[in-house]
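One structure is given below, encoded as structure tokens.
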Amino acid sequence: MNRVLVTGSVGQIGSELTMFLRDRYGNENVVAGGRKTKPSEELKNSGPFEVVDCTDIEAIRRVIEKYKIDTIYHLAALLSAVAEGNPQLAWNVNINGLINVLEVAREYNCAVFTPSSIGAFGLTTPLDNTPQDTIQRPGTMYGVTKVSGELLCDYYYQKYGVDTRGVRYPGIISYVTPPGGGTTDYAVEIFYDAIRKGKYTCFLKKGTKLDMMYMPDALKAAVDLMEAEAGSLKHRNAFNVSAMSFAPEDIEAEVKKIIPDFTMDYDVDPLWQSIAESWPNYMDDSAAKEEWGWKPKYDLPAMSKDMIEKLRIKLGM
Ligand code: AKB
């Protein structure tokens, strides 16, 4: 029986993952946990919603007991650029929040999915075909919390047998809920601006290649990993997963194929640029392929076509 809590359910991934899990396991079996931000009507009306601040362990415990939760998708976290603006808050939410979730999971025997990120790498990591197991010395607080989170999840599995699993997400692109303060956000903004204004000013430099993924693949990755046979997993937490890798000019060209008058210029933000330059150009995700059958569906052209179709409907344009 899957009785699930999604923390961070109001965020970019959480809002869609909650609906995906409700379709799969039944609306009443998936609790959307959020802090302050108001949930959408869809999220609130389709199943249970509870206020859960992950820095408050009692709040998590209450929800786990009330709904007899057995699986936690822990998505509450600050993204990279926001974390750099407030590193102490980032540590509190990303690490103290995670250890609270792991502690409650240990007490109530819950499985835990925790996303790590391409942000868990740094300049001394091989940036091309970044291996699954490699040097990780990130220079951002976001990266520090992501590496620490990977290690904490490994520790809770090894020490206490908590069924922890996770992936290193690349930049996630979707048309439903906008991301909030990530380095890869340009790859979402470009579509909104292309449709609304026919032009976009990019905050990363030409040539800045990063791994990216369309939301349907990101949701599938989480659920496929959580449903995989435990015996087939050699790694547990922090699987590299990717679907496409591109630089700003590559996505510009793709958008132009569908919106021929679209133009893009650059106004580079030094903070976001320096973060992006410390992240992989593309990761090797063969461990995920071998151990639990990871296979993305969307590449850059397929994602761009679908994004533009869906956003045109959403924006009524
Ligand atoms: C961010 O840019 O902070 C996130 C990520 C890649 O972890 N989208």
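If you're wondering about the labels, chains in the structure tokens are A, B, ... by order shown, residues count from 1 in each chain, ligands from 1 in order shown.
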
Kindly provide, as an mmCIF file with N, CA, C and O atoms, in the first residue's frame, all nucleotide and amino acid residues lying within 10 Å of ligand 1, counting only C-alpha atoms and all ligand atoms.
data_model
loop_
_atom_site.group_PDB
_atom_site.id
_atom_site.type_symbol
_atom_site.label_atom_id
_atom_site.label_comp_id
_atom_site.auth_asym_id
_atom_site.auth_seq_id
_atom_site.Cartn_x
_atom_site.Cartn_y
_atom_site.Cartn_z
ATOM 1 N N GLN A 12 7.807 23.740 -7.917
ATOM 2 C CA GLN A 12 7.790 23.390 -9.344
ATOM 3 C C GLN A 12 7.587 21.889 -9.550
ATOM 4 O O GLN A 12 6.685 21.468 -10.266
ATOM 5 N N ILE A 13 8.431 21.069 -8.927
ATOM 6 C CA ILE A 13 8.298 19.620 -9.132
ATOM 7 C C ILE A 13 7.166 19.067 -8.262
ATOM 8 O O ILE A 13 6.348 18.263 -8.714
ATOM 9 N N ALA A 77 12.843 22.412 -0.565
ATOM 10 C CA ALA A 77 14.253 22.855 -0.587
ATOM 11 C C ALA A 77 14.342 24.218 -1.251
ATOM 12 O O ALA A 77 13.469 24.598 -2.035
ATOM 13 N N LEU A 78 15.424 24.944 -0.936
ATOM 14 C CA LEU A 78 15.719 26.198 -1.645
ATOM 15 C C LEU A 78 16.570 25.872 -2.867
ATOM 16 O O LEU A 78 17.468 25.030 -2.792
ATOM 17 N N LEU A 79 16.324 26.548 -3.980
ATOM 18 C CA LEU A 79 17.126 26.342 -5.196
ATOM 19 C C LEU A 79 18.404 27.189 -5.163
ATOM 20 O O LEU A 79 18.602 28.019 -4.275
ATOM 21 N N SER A 80 19.248 26.971 -6.194
ATOM 22 C CA SER A 80 20.642 27.443 -6.125
ATOM 23 C C SER A 80 20.833 28.951 -5.941
ATOM 24 O O SER A 80 21.582 29.379 -5.055
ATOM 25 N N ALA A 81 20.174 29.765 -6.768
ATOM 26 C CA ALA A 81 20.457 31.204 -6.686
ATOM 27 C C ALA A 81 19.872 31.781 -5.400
ATOM 28 O O ALA A 81 20.511 32.605 -4.727
ATOM 29 N N VAL A 82 18.702 31.313 -5.001
ATOM 30 C CA VAL A 82 18.091 31.768 -3.747
ATOM 31 C C VAL A 82 18.971 31.333 -2.564
ATOM 32 O O VAL A 82 19.201 32.093 -1.625
ATOM 33 N N ALA A 83 19.476 30.116 -2.629
ATOM 34 C CA ALA A 83 20.323 29.604 -1.544
ATOM 35 C C ALA A 83 21.589 30.448 -1.399
ATOM 36 O O ALA A 83 22.055 30.709 -0.284
ATOM 37 N N GLU A 84 22.137 30.884 -2.518
ATOM 38 C CA GLU A 84 23.349 31.720 -2.462
ATOM 39 C C GLU A 84 23.040 33.064 -1.822
ATOM 40 O O GLU A 84 23.899 33.683 -1.188
ATOM 41 N N PRO A 115 15.545 14.442 -3.861
ATOM 42 C CA PRO A 115 16.308 14.824 -5.038
ATOM 43 C C PRO A 115 17.609 15.513 -4.679
ATOM 44 O O PRO A 115 17.637 16.405 -3.830
ATOM 45 N N SER A 116 18.684 15.064 -5.322
ATOM 46 C CA SER A 116 19.898 15.863 -5.326
ATOM 47 C C SER A 116 19.883 16.618 -6.657
ATOM 48 O O SER A 116 18.816 16.798 -7.253
ATOM 49 N N SER A 117 21.046 17.076 -7.124
ATOM 50 C CA SER A 117 21.043 18.000 -8.269
ATOM 51 C C SER A 117 22.405 17.977 -8.953
ATOM 52 O O SER A 117 23.414 17.597 -8.350
ATOM 53 N N ILE A 118 22.419 18.473 -10.203
ATOM 54 C CA ILE A 118 23.701 18.735 -10.870
ATOM 55 C C ILE A 118 24.523 19.747 -10.061
ATOM 56 O O ILE A 118 25.721 19.844 -10.234
ATOM 57 N N GLY A 119 23.837 20.452 -9.140
ATOM 58 C CA GLY A 119 24.527 21.407 -8.271
ATOM 59 C C GLY A 119 25.428 20.736 -7.245
ATOM 60 O O GLY A 119 26.183 21.414 -6.548
ATOM 61 N N ALA A 120 25.340 19.407 -7.129
ATOM 62 C CA ALA A 120 26.181 18.704 -6.149
ATOM 63 C C ALA A 120 27.615 18.550 -6.641
ATOM 64 O O ALA A 120 28.459 17.995 -5.935
ATOM 65 N N TYR A 142 24.116 25.812 -1.988
ATOM 66 C CA TYR A 142 23.169 24.841 -2.553
ATOM 67 C C TYR A 142 23.882 23.499 -2.763
ATOM 68 O O TYR A 142 23.399 22.445 -2.342
ATOM 69 N N GLY A 143 25.054 23.560 -3.394
ATOM 70 C CA GLY A 143 25.817 22.344 -3.652
ATOM 71 C C GLY A 143 26.244 21.656 -2.368
ATOM 72 O O GLY A 143 26.182 20.425 -2.254
ATOM 73 N N LYS A 146 23.403 19.843 -1.063
ATOM 74 C CA LYS A 146 23.037 18.682 -1.888
ATOM 75 C C LYS A 146 23.994 17.511 -1.640
ATOM 76 O O LYS A 146 23.556 16.368 -1.508
ATOM 77 N N ARG A 168 20.022 12.775 -9.083
ATOM 78 C CA ARG A 168 20.575 14.125 -9.261
ATOM 79 C C ARG A 168 19.845 14.748 -10.442
ATOM 80 O O ARG A 168 20.148 14.423 -11.598
ATOM 81 N N TYR A 169 18.860 15.592 -10.131
ATOM 82 C CA TYR A 169 18.090 16.217 -11.211
ATOM 83 C C TYR A 169 18.909 17.278 -11.916
ATOM 84 O O TYR A 169 19.612 18.060 -11.276
ATOM 85 N N PRO A 170 18.748 17.353 -13.234
ATOM 86 C CA PRO A 170 19.262 18.516 -13.974
ATOM 87 C C PRO A 170 18.243 19.653 -13.884
ATOM 88 O O PRO A 170 17.320 19.589 -13.065
ATOM 89 N N GLY A 171 18.361 20.678 -14.708
ATOM 90 C CA GLY A 171 17.346 21.733 -14.764
ATOM 91 C C GLY A 171 16.046 21.129 -15.253
ATOM 92 O O GLY A 171 16.039 20.382 -16.240
ATOM 93 N N ILE A 172 14.943 21.431 -14.561
ATOM 94 C CA ILE A 172 13.648 20.838 -14.934
ATOM 95 C C ILE A 172 12.786 21.892 -15.635
ATOM 96 O O ILE A 172 12.611 22.998 -15.128
ATOM 97 N N ILE A 173 12.249 21.495 -16.790
ATOM 98 C CA ILE A 173 11.463 22.420 -17.616
ATOM 99 C C ILE A 173 10.004 21.984 -17.579
ATOM 100 O O ILE A 173 9.705 20.801 -17.796
ATOM 101 N N PRO A 179 9.635 27.592 -11.840
ATOM 102 C CA PRO A 179 10.641 27.320 -10.819
ATOM 103 C C PRO A 179 10.913 28.593 -10.028
ATOM 104 O O PRO A 179 10.591 29.687 -10.486
ATOM 105 N N GLY A 180 11.527 28.461 -8.862
ATOM 106 C CA GLY A 180 11.734 29.658 -8.039
ATOM 107 C C GLY A 180 13.188 29.862 -7.664
ATOM 108 O O GLY A 180 13.626 29.402 -6.624
ATOM 109 N N GLY A 181 13.939 30.541 -8.533
ATOM 110 C CA GLY A 181 15.286 30.949 -8.143
ATOM 111 C C GLY A 181 16.380 29.954 -8.427
ATOM 112 O O GLY A 181 17.363 29.850 -7.682
ATOM 113 N N GLY A 182 16.268 29.218 -9.520
ATOM 114 C CA GLY A 182 17.319 28.286 -9.907
ATOM 115 C C GLY A 182 18.171 28.847 -11.039
ATOM 116 O O GLY A 182 17.736 29.754 -11.765
ATOM 117 N N THR A 183 19.368 28.292 -11.200
ATOM 118 C CA THR A 183 20.291 28.727 -12.248
ATOM 119 C C THR A 183 19.801 28.297 -13.631
ATOM 120 O O THR A 183 20.143 28.896 -14.641
ATOM 121 N N THR A 184 19.010 27.237 -13.657
ATOM 122 C CA THR A 184 18.542 26.714 -14.944
ATOM 123 C C THR A 184 17.183 27.308 -15.348
ATOM 124 O O THR A 184 16.604 26.888 -16.351
ATOM 125 N N ASP A 185 16.692 28.285 -14.581
ATOM 126 C CA ASP A 185 15.335 28.821 -14.833
ATOM 127 C C ASP A 185 15.199 29.458 -16.217
ATOM 128 O O ASP A 185 14.072 29.587 -16.734
ATOM 129 N N TYR A 186 16.326 29.879 -16.820
ATOM 130 C CA TYR A 186 16.225 30.541 -18.118
ATOM 131 C C TYR A 186 15.543 29.640 -19.152
ATOM 132 O O TYR A 186 14.849 30.110 -20.061
ATOM 133 N N ALA A 187 15.751 28.316 -18.983
ATOM 134 C CA ALA A 187 15.222 27.367 -19.965
ATOM 135 C C ALA A 187 13.707 27.209 -19.856
ATOM 136 O O ALA A 187 13.086 26.577 -20.708
ATOM 137 N N LEU A 210 24.322 22.840 -20.121
ATOM 138 C CA LEU A 210 23.850 22.221 -18.872
ATOM 139 C C LEU A 210 22.884 21.084 -19.201
ATOM 140 O O LEU A 210 22.180 21.134 -20.212
ATOM 141 N N ASP A 211 22.848 20.096 -18.307
ATOM 142 C CA ASP A 211 21.839 19.035 -18.433
ATOM 143 C C ASP A 211 20.461 19.588 -18.112
ATOM 144 O O ASP A 211 20.313 20.404 -17.190
ATOM 145 N N MET A 212 19.454 19.097 -18.846
ATOM 146 C CA MET A 212 18.066 19.529 -18.634
ATOM 147 C C MET A 212 17.131 18.330 -18.804
ATOM 148 O O MET A 212 17.513 17.313 -19.400
ATOM 149 N N MET A 213 15.897 18.511 -18.342
ATOM 150 C CA MET A 213 14.909 17.423 -18.454
ATOM 151 C C MET A 213 13.501 18.012 -18.473
ATOM 152 O O MET A 213 13.222 18.980 -17.756
ATOM 153 N N TRP A 272 24.727 33.865 -11.420
ATOM 154 C CA TRP A 272 24.161 32.682 -12.060
ATOM 155 C C TRP A 272 25.157 32.070 -13.039
ATOM 156 O O TRP A 272 25.250 30.852 -13.171
ATOM 157 N N ILE A 275 27.758 30.057 -11.106
ATOM 158 C CA ILE A 275 27.189 28.779 -10.631
ATOM 159 C C ILE A 275 27.108 27.803 -11.816
ATOM 160 O O ILE A 275 27.562 26.657 -11.725
ATOM 161 N N ALA A 276 26.571 28.271 -12.929
ATOM 162 C CA ALA A 276 26.387 27.385 -14.090
ATOM 163 C C ALA A 276 27.725 26.821 -14.578
ATOM 164 O O ALA A 276 27.817 25.652 -14.965
ATOM 165 N N TRP A 279 28.933 23.651 -12.917
ATOM 166 C CA TRP A 279 28.096 22.447 -13.044
ATOM 167 C C TRP A 279 28.451 21.687 -14.327
ATOM 168 O O TRP A 279 28.972 22.273 -15.279
#

List every residue of range 13-261 of chain A that DSSP, applied to the backbone, labels as helix (DSSP H, G or I), and write the result as a ChimeraX atom specification.
/A:13-25,27-29,41-45,57-67,80-85,87-108,118-120,141-160,186-196,215-227,230-232,248-258

All strand (DSSP E) residues (DSSP, backbone) inside range 95-312 of chain A, as a PyMOL selection string:
chain A and resi 111-113+116-117+128-130+164-165+167-169+171-173+199-202+210-214+239-240+244-246+263-266+282-283

Dump N, CA and C atoms for the selected residues as a tab-separated table (two decimals), in the first residue's frame?
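Generated output (selection-v2.tsv):
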chain	number	residue	atom	x	y	z
A	111	ALA	N	9.76	4.85	3.46
A	111	ALA	CA	10.75	5.03	2.39
A	111	ALA	C	10.84	6.53	2.08
A	112	VAL	N	12.01	6.98	1.63
A	112	VAL	CA	12.19	8.42	1.37
A	112	VAL	C	12.85	8.64	0.01
A	113	PHE	N	12.21	9.47	-0.81
A	113	PHE	CA	12.84	9.95	-2.05
A	113	PHE	C	13.32	11.37	-1.81
A	116	SER	N	18.68	15.06	-5.32
A	116	SER	CA	19.90	15.86	-5.33
A	116	SER	C	19.88	16.62	-6.66
A	117	SER	N	21.05	17.08	-7.12
A	117	SER	CA	21.04	18.00	-8.27
A	117	SER	C	22.41	17.98	-8.95
A	128	ASP	N	32.58	17.00	-18.39
A	128	ASP	CA	32.00	16.26	-19.52
A	128	ASP	C	31.82	14.81	-19.14
A	129	ASN	N	30.62	14.28	-19.46
A	129	ASN	CA	30.31	12.89	-19.14
A	129	ASN	C	30.59	12.62	-17.66
A	130	THR	N	30.15	13.52	-16.82
A	130	THR	CA	30.41	13.46	-15.36
A	130	THR	C	30.04	12.09	-14.81
A	164	THR	N	16.12	4.78	1.58
A	164	THR	CA	16.32	6.09	0.95
A	164	THR	C	16.75	5.91	-0.50
A	165	ARG	N	16.21	6.74	-1.36
A	165	ARG	CA	16.57	6.70	-2.79
A	165	ARG	C	16.54	8.13	-3.34
A	167	VAL	N	17.72	10.92	-6.99
A	167	VAL	CA	18.40	11.19	-8.27
A	167	VAL	C	19.03	12.57	-8.21
A	168	ARG	N	20.02	12.78	-9.08
A	168	ARG	CA	20.57	14.13	-9.26
A	168	ARG	C	19.84	14.75	-10.44
A	169	TYR	N	18.86	15.59	-10.13
A	169	TYR	CA	18.09	16.22	-11.21
A	169	TYR	C	18.91	17.28	-11.92
A	171	GLY	N	18.36	20.68	-14.71
A	171	GLY	CA	17.35	21.73	-14.76
A	171	GLY	C	16.05	21.13	-15.25
A	172	ILE	N	14.94	21.43	-14.56
A	172	ILE	CA	13.65	20.84	-14.93
A	172	ILE	C	12.79	21.89	-15.64
A	173	ILE	N	12.25	21.49	-16.79
A	173	ILE	CA	11.46	22.42	-17.62
A	173	ILE	C	10.00	21.98	-17.58
A	199	LYS	N	10.54	37.72	-27.73
A	199	LYS	CA	11.99	37.91	-27.49
A	199	LYS	C	12.33	37.56	-26.04
A	200	TYR	N	13.61	37.26	-25.83
A	200	TYR	CA	14.04	36.89	-24.47
A	200	TYR	C	15.46	37.37	-24.23
A	201	THR	N	15.72	37.87	-23.01
A	201	THR	CA	17.08	38.25	-22.62
A	201	THR	C	17.60	37.18	-21.66
A	202	CYS	N	18.67	36.52	-22.07
A	202	CYS	CA	19.16	35.36	-21.33
A	202	CYS	C	20.22	35.78	-20.31
A	210	LEU	N	24.32	22.84	-20.12
A	210	LEU	CA	23.85	22.22	-18.87
A	210	LEU	C	22.88	21.08	-19.20
A	211	ASP	N	22.85	20.10	-18.31
A	211	ASP	CA	21.84	19.03	-18.43
A	211	ASP	C	20.46	19.59	-18.11
A	212	MET	N	19.45	19.10	-18.85
A	212	MET	CA	18.07	19.53	-18.63
A	212	MET	C	17.13	18.33	-18.80
A	213	MET	N	15.90	18.51	-18.34
A	213	MET	CA	14.91	17.42	-18.45
A	213	MET	C	13.50	18.01	-18.47
A	214	TYR	N	12.63	17.42	-19.26
A	214	TYR	CA	11.22	17.85	-19.29
A	214	TYR	C	10.50	17.18	-18.13
A	239	PHE	N	21.39	9.17	-8.05
A	239	PHE	CA	21.67	8.66	-9.40
A	239	PHE	C	21.75	9.84	-10.36
A	240	ASN	N	22.80	9.90	-11.17
A	240	ASN	CA	22.81	10.85	-12.29
A	240	ASN	C	21.66	10.51	-13.23
A	244	MET	N	18.70	15.61	-21.83
A	244	MET	CA	19.24	16.44	-22.92
A	244	MET	C	20.26	17.38	-22.30
A	245	SER	N	21.15	17.89	-23.13
A	245	SER	CA	22.11	18.89	-22.65
A	245	SER	C	22.20	19.95	-23.73
A	246	PHE	N	22.04	21.22	-23.33
A	246	PHE	CA	22.12	22.27	-24.34
A	246	PHE	C	22.63	23.57	-23.74
A	263	THR	N	13.55	36.34	-31.12
A	263	THR	CA	14.95	36.79	-31.01
A	263	THR	C	15.40	36.67	-29.56
A	264	MET	N	16.71	36.48	-29.39
A	264	MET	CA	17.25	36.39	-28.02
A	264	MET	C	18.52	37.23	-27.92
A	265	ASP	N	18.66	37.98	-26.82
A	265	ASP	CA	19.94	38.64	-26.55
A	265	ASP	C	20.40	38.24	-25.14
A	266	TYR	N	21.53	38.82	-24.73
A	266	TYR	CA	22.13	38.36	-23.48
A	266	TYR	C	22.39	39.52	-22.52
A	282	TYR	N	27.44	17.74	-19.23
A	282	TYR	CA	26.48	16.62	-19.34
A	282	TYR	C	26.99	15.47	-18.48
A	283	MET	N	26.02	14.76	-17.87
A	283	MET	CA	26.38	13.69	-16.94
A	283	MET	C	26.26	12.32	-17.62

Hey, what's within 9 Å of Lys68 in chain A if we count only C-alpha atoms and toss same-chain stuff fewer than 6 positions away? As an MDAnalysis selection string, please?
chainID A and resid 3:4 108

Let me see the file: selected residues, N, CA and C atoms, as an mmCIF file, in the first residue's frame.
data_model
loop_
_atom_site.group_PDB
_atom_site.id
_atom_site.type_symbol
_atom_site.label_atom_id
_atom_site.label_comp_id
_atom_site.auth_asym_id
_atom_site.auth_seq_id
_atom_site.Cartn_x
_atom_site.Cartn_y
_atom_site.Cartn_z
ATOM 1 N N ARG A 3 0.972 4.984 0.832
ATOM 2 C CA ARG A 3 0.368 6.175 1.432
ATOM 3 C C ARG A 3 1.489 7.205 1.526
ATOM 4 N N VAL A 4 1.326 8.262 0.747
ATOM 5 C CA VAL A 4 2.467 9.118 0.421
ATOM 6 C C VAL A 4 2.297 10.520 0.988
ATOM 7 N N TYR A 108 9.029 5.709 11.780
ATOM 8 C CA TYR A 108 7.769 5.154 11.271
ATOM 9 C C TYR A 108 7.977 4.227 10.074
#

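Nearest to Lys256 in chain A of all the residues A:Ile313, A:Met226, A:Val51, A:Ala194 is A:Ala194, based on only C-alpha atoms.
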
Å distance separating CA of Gly316 in chain A from CA of Ala302 in chain A, one decimal place
21.2 Å

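Omitting Thr7 in chain A and its sequence neighbours fewer than 3 positions away, and counting only C-alpha atoms, the residues within 10 Å are Val4, Val10, Gly11, Gly14, Ser15, Thr18, Val31, Ala32, Gly33, Gly34, Arg35, Glu50, Val51, Val52, Asp53, Cys54, Ile60, Ile72, Tyr73, His74, Leu75, Ala76, Ala77 and Val101 of chain A.
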
Those same residues - N, CA, C and O atoms - I'd like them written as a compact mmCIF listing (two decimals), in the first residue's frame.
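Everything below was put into out_23.txt:
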# COMPACT_ATOMS: atom_id res chain seq x y z
N VAL A 4 1.33 8.26 0.75
CA VAL A 4 2.47 9.12 0.42
C VAL A 4 2.30 10.52 0.99
O VAL A 4 1.20 11.08 0.96
N VAL A 10 3.96 22.59 -3.22
CA VAL A 10 3.51 23.77 -3.94
C VAL A 10 4.57 24.23 -4.95
O VAL A 10 4.33 25.06 -5.81
N GLY A 11 5.73 23.62 -4.87
CA GLY A 11 6.86 24.03 -5.72
C GLY A 11 6.76 23.48 -7.14
O GLY A 11 5.79 22.81 -7.51
N GLY A 14 7.09 19.53 -7.02
CA GLY A 14 6.12 18.99 -6.06
C GLY A 14 4.69 19.10 -6.55
O GLY A 14 3.89 18.18 -6.38
N SER A 15 4.34 20.23 -7.18
CA SER A 15 2.94 20.42 -7.58
C SER A 15 2.54 19.37 -8.63
O SER A 15 1.44 18.83 -8.59
N THR A 18 2.73 15.59 -7.07
CA THR A 18 1.56 15.25 -6.24
C THR A 18 0.41 14.76 -7.12
O THR A 18 -0.20 13.72 -6.84
N VAL A 31 -0.83 12.84 0.31
CA VAL A 31 -0.99 14.09 1.06
C VAL A 31 -0.02 15.13 0.51
O VAL A 31 1.19 14.87 0.41
N ALA A 32 -0.56 16.28 0.16
CA ALA A 32 0.28 17.39 -0.30
C ALA A 32 0.70 18.18 0.93
O ALA A 32 -0.15 18.68 1.67
N GLY A 33 2.00 18.27 1.17
CA GLY A 33 2.50 19.06 2.31
C GLY A 33 3.13 20.33 1.80
O GLY A 33 3.94 20.31 0.87
N GLY A 34 2.73 21.46 2.38
CA GLY A 34 3.32 22.73 1.93
C GLY A 34 3.51 23.64 3.11
O GLY A 34 2.88 23.44 4.15
N ARG A 35 4.35 24.63 2.95
CA ARG A 35 4.64 25.52 4.07
C ARG A 35 3.65 26.67 4.06
O ARG A 35 2.55 26.53 4.50
N GLU A 50 -1.87 19.50 3.82
CA GLU A 50 -1.51 19.80 5.20
C GLU A 50 -0.37 20.80 5.21
O GLU A 50 0.55 20.71 4.39
N VAL A 51 -0.41 21.73 6.17
CA VAL A 51 0.72 22.65 6.32
C VAL A 51 1.84 21.89 7.03
O VAL A 51 1.66 21.38 8.13
N VAL A 52 2.97 21.75 6.34
CA VAL A 52 4.12 21.05 6.92
C VAL A 52 5.37 21.88 6.69
O VAL A 52 5.82 22.02 5.54
N ASP A 53 5.93 22.41 7.75
CA ASP A 53 7.22 23.08 7.67
C ASP A 53 8.26 22.04 8.09
O ASP A 53 8.25 21.58 9.24
N CYS A 54 9.13 21.67 7.18
CA CYS A 54 10.03 20.55 7.45
C CYS A 54 11.09 20.88 8.51
O CYS A 54 11.76 19.97 9.01
N ILE A 60 5.96 17.25 10.94
CA ILE A 60 6.08 16.09 10.04
C ILE A 60 5.50 14.85 10.72
O ILE A 60 4.71 14.11 10.12
N ILE A 72 7.73 8.98 1.70
CA ILE A 72 7.84 10.45 1.68
C ILE A 72 8.65 10.87 0.45
O ILE A 72 9.77 10.38 0.25
N TYR A 73 8.06 11.71 -0.37
CA TYR A 73 8.82 12.38 -1.44
C TYR A 73 9.17 13.75 -0.89
O TYR A 73 8.29 14.62 -0.75
N HIS A 74 10.45 13.93 -0.55
CA HIS A 74 10.84 15.14 0.19
C HIS A 74 11.40 16.18 -0.78
O HIS A 74 12.59 16.18 -1.10
N LEU A 75 10.53 17.08 -1.22
CA LEU A 75 10.94 18.05 -2.24
C LEU A 75 11.14 19.46 -1.69
O LEU A 75 11.54 20.35 -2.44
N ALA A 76 10.85 19.66 -0.42
CA ALA A 76 10.99 21.03 0.14
C ALA A 76 12.47 21.40 0.18
O ALA A 76 13.26 20.75 0.86
N ALA A 77 12.84 22.41 -0.56
CA ALA A 77 14.25 22.86 -0.59
C ALA A 77 14.34 24.22 -1.25
O ALA A 77 13.47 24.60 -2.03
N VAL A 101 13.08 14.83 8.29
CA VAL A 101 12.32 13.85 7.49
C VAL A 101 12.93 12.45 7.68
O VAL A 101 12.20 11.45 7.87

Give the answer as one residue: which of A:Val30, A:Ile64, A:Leu152, A:Leu123 has the shortest atom-to-atom distance to Arg236 in chain A, using only C-alpha atoms?
A:Leu152

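Distance annotation: of A:Ala238, A:Leu98, A:Ile308, A:Leu315, the residue with the minimal separation from Pro131 in chain A is A:Ala238; atom set is only C-alpha atoms.
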